[in-house]
Structures are given as C-alpha cells and as structure tokens.
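As provided, structure_34.pdb (PDB, C-alpha atoms) reads as follows.
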MODEL        1
ATOM      1  CA  MET A 111      -6.103   0.966  43.149
ATOM      2  CA  LEU A 112      -5.521   3.733  40.615
ATOM      3  CA  ASP A 113      -4.447   1.122  38.088
ATOM      4  CA  GLU A 114      -7.715  -0.735  38.660
ATOM      5  CA  LEU A 115      -9.588   2.469  37.812
ATOM      6  CA  GLY A 116      -7.616   2.974  34.599
ATOM      7  CA  LEU A 117      -5.680   5.920  36.075
ATOM      8  CA  HIS A 118      -2.223   4.518  35.332
ATOM      9  CA  ASP A 119      -0.620   7.934  34.777
ATOM     10  CA  THR A 120      -2.132   9.640  37.818
ATOM     11  CA  MET A 121       0.549  10.896  40.186
ATOM     12  CA  PHE A 122       0.122  11.195  43.931
ATOM     13  CA  THR A 123       2.216  12.046  46.948
ATOM     14  CA  ILE A 124       1.850  10.803  50.512
ATOM     15  CA  ARG A 125       2.807  13.349  53.134
ATOM     16  CA  THR A 126       2.918  13.097  56.909
ATOM     17  CA  MET A 127       2.410  16.206  59.011
ATOM     18  CA  ALA A 128       5.320  16.476  61.440
ATOM     19  CA  ASP A 129       3.711  18.747  64.016
ATOM     20  CA  GLN A 130       1.032  21.336  64.739
ATOM     21  CA  ALA A 131       3.143  24.165  63.308
ATOM     22  CA  GLU A 132       3.408  22.392  59.940
ATOM     23  CA  ALA A 133      -0.330  21.675  59.925
ATOM     24  CA  GLU A 134      -1.043  25.359  60.533
ATOM     25  CA  ARG A 135       1.483  26.532  57.929
ATOM     26  CA  LEU A 136      -0.073  24.263  55.268
ATOM     27  CA  GLY A 137      -3.700  24.784  56.318
ATOM     28  CA  PHE A 138      -4.126  21.066  57.073
ATOM     29  CA  THR A 139      -7.601  20.533  58.563
ATOM     30  CA  GLY A 140      -7.748  16.788  59.078
ATOM     31  CA  SER A 141      -6.770  13.331  57.993
ATOM     32  CA  PRO A 142      -7.266  11.921  55.505
ATOM     33  CA  ALA A 143      -6.796  14.913  53.229
ATOM     34  CA  ILE A 144      -6.980  14.549  49.481
ATOM     35  CA  LEU A 145      -5.902  17.583  47.501
ATOM     36  CA  VAL A 146      -7.086  18.222  43.949
ATOM     37  CA  ASP A 147      -4.851  20.724  42.166
ATOM     38  CA  GLY A 148      -3.527  21.736  45.597
ATOM     39  CA  GLN A 149      -6.976  22.370  47.092
ATOM     40  CA  ASP A 150      -8.905  20.305  49.644
ATOM     41  CA  PRO A 151     -12.438  19.986  48.209
ATOM     42  CA  PHE A 152     -13.780  18.627  51.506
ATOM     43  CA  THR A 153     -12.584  21.265  53.959
ATOM     44  CA  GLU A 154     -15.209  23.302  55.763
ATOM     45  CA  PRO A 155     -14.953  27.106  55.755
ATOM     46  CA  GLY A 156     -13.575  28.451  59.011
ATOM     47  CA  ARG A 157     -12.232  25.093  60.166
ATOM     48  CA  VAL A 158      -9.090  25.509  62.255
ATOM     49  CA  ALA A 159      -5.908  23.848  60.977
ATOM     50  CA  GLY A 160      -4.477  21.102  63.126
ATOM     51  CA  LEU A 161      -3.429  17.496  63.589
ATOM     52  CA  THR A 162      -6.892  15.971  63.677
ATOM     53  CA  CYS A 163      -8.948  13.218  62.121
ATOM     54  CA  ARG A 164     -11.973  14.144  60.073
ATOM     55  CA  VAL A 165     -15.544  13.598  61.115
ATOM     56  CA  TYR A 166     -18.126  13.410  58.349
ATOM     57  CA  ARG A 167     -21.838  14.179  58.487
ATOM     58  CA  THR A 168     -23.891  11.194  57.341
ATOM     59  CA  PRO A 169     -27.651  10.517  57.301
ATOM     60  CA  ASP A 170     -27.098   8.565  60.538
ATOM     61  CA  GLY A 171     -25.122  11.337  62.262
ATOM     62  CA  LEU A 172     -21.414  12.008  62.571
ATOM     63  CA  ALA A 173     -19.032   9.244  61.507
TER      64      ALA A 173
ENDMDL
END
Written as structure tokens, how would this file's structure read?
Amino acid sequence: MLDELGLHDTMFTIRTMADQAEAERLGFTGSPAILVDGQDPFTEPGRVAGLTCRVYRTPDGLA
C-alpha cells in the first residue's frame, strides 16, 4: 500500500506485544497503534497501557 501512495522509501516495523508487562513498559494503549517518530498521535491522555483494542468516537457513537 505504501508503494501505491508513492512512499517507496518509507520504513515500517510490525511489532507484537508479548504480554501485559511489555505493553506497560512501552506505554502501549491499544491495537492498532501507529507511531510517528516514536509517538502515538491517537492516544488519549491518561489512558492506561494494556493489551486492548481501540475504540474510536464517531458521529454515530463508539466504533
């Protein structure tokens, strides 16, 4: 997909959280997580780290 967007040289890494301790150590607050320069632009302040899926607010409610 990155190639289709003309981002041929964009590097990415896929990482799987092994357990709750790793999620807490890395500050992982939900899947999927996309980091930009090491920061998660979609995390919510005060959200607890853990092995969870994300829920997003939409005009129709949570999804």
(request) Write out as a list in words each polymer residue whose atoms come within 12 Å of Thr123 of chain A, counting only C-alpha atoms; drop sequence neighbours fewer than 4 positions from it. (result)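 The neighbour list is Ala143, Ile144, Leu145, Val146 and Gly148 of chain A.
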(message) Can you measure atom CA of Gly160 of chain A to atom CA of Gly140 of chain A for me? One decimal in Å is fine.
(response)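 One can read the atom CA of Gly160 of chain A to atom CA of Gly140 of chain A distance as 6.8 Å.
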(request) Taking the file as shown, find all residues satisfying the PyMOL selection byres ((chain A and resi 166) around 12) and write them as a list in words. (result)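 On the file shown, the PyMOL selection byres ((chain A and resi 166) around 12) covers Gly140, Ser141, Pro142, Phe152, Thr153, Glu154, Cys163, Arg164, Val165, Arg167, Thr168, Pro169, Asp170, Gly171, Leu172 and Ala173 of chain A.
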(request) To one decimal in Å, tell me the separation between atom CA of Met121 of chain A and atom CA of Gly137 of chain A. (result) 21.7 Å
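Among A:Pro151, A:His118, A:Thr162, A:Ile124, the residue with the shortest atom-to-atom distance to Phe138 of chain A, counting only C-alpha atoms, is A:Thr162.
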(message) Could you tell me how far atom CA of Arg157 of chain A sits from atom CA of Arg125 of chain A, in Å to one decimal place?
(response) 20.3 Å
Residue completion, segment 143-165 of chain A, N, CA and C atoms, as a PDB file, keeping the file's coordinate frame:
ATOM      1  N   ALA A 143      -6.608  13.749  54.086  1.00  0.00           N
ATOM      2  CA  ALA A 143      -6.796  14.913  53.229  1.00  0.00           C
ATOM      3  C   ALA A 143      -6.398  14.525  51.816  1.00  0.00           C
ATOM      4  N   ILE A 144      -7.259  14.802  50.892  1.00  0.00           N
ATOM      5  CA  ILE A 144      -6.980  14.549  49.481  1.00  0.00           C
ATOM      6  C   ILE A 144      -7.048  15.899  48.785  1.00  0.00           C
ATOM      7  N   LEU A 145      -5.949  16.298  48.186  1.00  0.00           N
ATOM      8  CA  LEU A 145      -5.902  17.583  47.501  1.00  0.00           C
ATOM      9  C   LEU A 145      -6.084  17.378  46.003  1.00  0.00           C
ATOM     10  N   VAL A 146      -6.878  18.227  45.387  1.00  0.00           N
ATOM     11  CA  VAL A 146      -7.086  18.222  43.949  1.00  0.00           C
ATOM     12  C   VAL A 146      -6.563  19.549  43.439  1.00  0.00           C
ATOM     13  N   ASP A 147      -5.516  19.503  42.637  1.00  0.00           N
ATOM     14  CA  ASP A 147      -4.851  20.724  42.166  1.00  0.00           C
ATOM     15  C   ASP A 147      -4.465  21.620  43.342  1.00  0.00           C
ATOM     16  N   GLY A 148      -4.002  21.000  44.434  1.00  0.00           N
ATOM     17  CA  GLY A 148      -3.527  21.736  45.597  1.00  0.00           C
ATOM     18  C   GLY A 148      -4.605  22.209  46.544  1.00  0.00           C
ATOM     19  N   GLN A 149      -5.875  21.918  46.249  1.00  0.00           N
ATOM     20  CA  GLN A 149      -6.976  22.370  47.092  1.00  0.00           C
ATOM     21  C   GLN A 149      -7.699  21.173  47.707  1.00  0.00           C
ATOM     22  N   ASP A 150      -8.146  21.338  48.944  1.00  0.00           N
ATOM     23  CA  ASP A 150      -8.905  20.305  49.644  1.00  0.00           C
ATOM     24  C   ASP A 150     -10.390  20.554  49.387  1.00  0.00           C
ATOM     25  N   PRO A 151     -11.035  19.738  48.535  1.00  0.00           N
ATOM     26  CA  PRO A 151     -12.438  19.986  48.209  1.00  0.00           C
ATOM     27  C   PRO A 151     -13.398  19.658  49.353  1.00  0.00           C
ATOM     28  N   PHE A 152     -12.907  19.050  50.419  1.00  0.00           N
ATOM     29  CA  PHE A 152     -13.780  18.627  51.506  1.00  0.00           C
ATOM     30  C   PHE A 152     -13.636  19.461  52.771  1.00  0.00           C
ATOM     31  N   THR A 153     -12.759  20.448  52.759  1.00  0.00           N
ATOM     32  CA  THR A 153     -12.584  21.265  53.959  1.00  0.00           C
ATOM     33  C   THR A 153     -13.813  22.142  54.174  1.00  0.00           C
ATOM     34  N   GLU A 154     -14.075  22.451  55.419  1.00  0.00           N
ATOM     35  CA  GLU A 154     -15.209  23.302  55.763  1.00  0.00           C
ATOM     36  C   GLU A 154     -14.702  24.707  56.050  1.00  0.00           C
ATOM     37  N   PRO A 155     -15.384  25.726  55.518  1.00  0.00           N
ATOM     38  CA  PRO A 155     -14.953  27.106  55.755  1.00  0.00           C
ATOM     39  C   PRO A 155     -14.842  27.399  57.256  1.00  0.00           C
ATOM     40  N   GLY A 156     -13.779  28.061  57.629  1.00  0.00           N
ATOM     41  CA  GLY A 156     -13.575  28.451  59.011  1.00  0.00           C
ATOM     42  C   GLY A 156     -13.004  27.362  59.909  1.00  0.00           C
ATOM     43  N   ARG A 157     -12.785  26.185  59.352  1.00  0.00           N
ATOM     44  CA  ARG A 157     -12.232  25.093  60.166  1.00  0.00           C
ATOM     45  C   ARG A 157     -10.775  25.403  60.511  1.00  0.00           C
ATOM     46  N   VAL A 158     -10.426  25.205  61.767  1.00  0.00           N
ATOM     47  CA  VAL A 158      -9.090  25.509  62.255  1.00  0.00           C
ATOM     48  C   VAL A 158      -8.120  24.407  61.825  1.00  0.00           C
ATOM     49  N   ALA A 159      -6.934  24.811  61.369  1.00  0.00           N
ATOM     50  CA  ALA A 159      -5.908  23.848  60.977  1.00  0.00           C
ATOM     51  C   ALA A 159      -5.373  23.121  62.196  1.00  0.00           C
ATOM     52  N   GLY A 160      -5.041  21.851  62.016  1.00  0.00           N
ATOM     53  CA  GLY A 160      -4.477  21.102  63.126  1.00  0.00           C
ATOM     54  C   GLY A 160      -4.320  19.628  62.825  1.00  0.00           C
ATOM     55  N   LEU A 161      -3.661  18.935  63.717  1.00  0.00           N
ATOM     56  CA  LEU A 161      -3.429  17.496  63.589  1.00  0.00           C
ATOM     57  C   LEU A 161      -4.657  16.761  64.124  1.00  0.00           C
ATOM     58  N   THR A 162      -5.638  16.589  63.277  1.00  0.00           N
ATOM     59  CA  THR A 162      -6.892  15.971  63.677  1.00  0.00           C
ATOM     60  C   THR A 162      -7.333  14.942  62.656  1.00  0.00           C
ATOM     61  N   CYS A 163      -8.277  14.124  63.049  1.00  0.00           N
ATOM     62  CA  CYS A 163      -8.948  13.218  62.121  1.00  0.00           C
ATOM     63  C   CYS A 163     -10.258  13.876  61.719  1.00  0.00           C
ATOM     64  N   ARG A 164     -10.729  13.545  60.554  1.00  0.00           N
ATOM     65  CA  ARG A 164     -11.973  14.144  60.073  1.00  0.00           C
ATOM     66  C   ARG A 164     -13.186  13.396  60.596  1.00  0.00           C
ATOM     67  N   VAL A 165     -14.241  14.149  60.781  1.00  0.00           N
ATOM     68  CA  VAL A 165     -15.544  13.598  61.115  1.00  0.00           C
ATOM     69  C   VAL A 165     -16.479  14.045  59.995  1.00  0.00           C
TER      70      VAL A 165
END
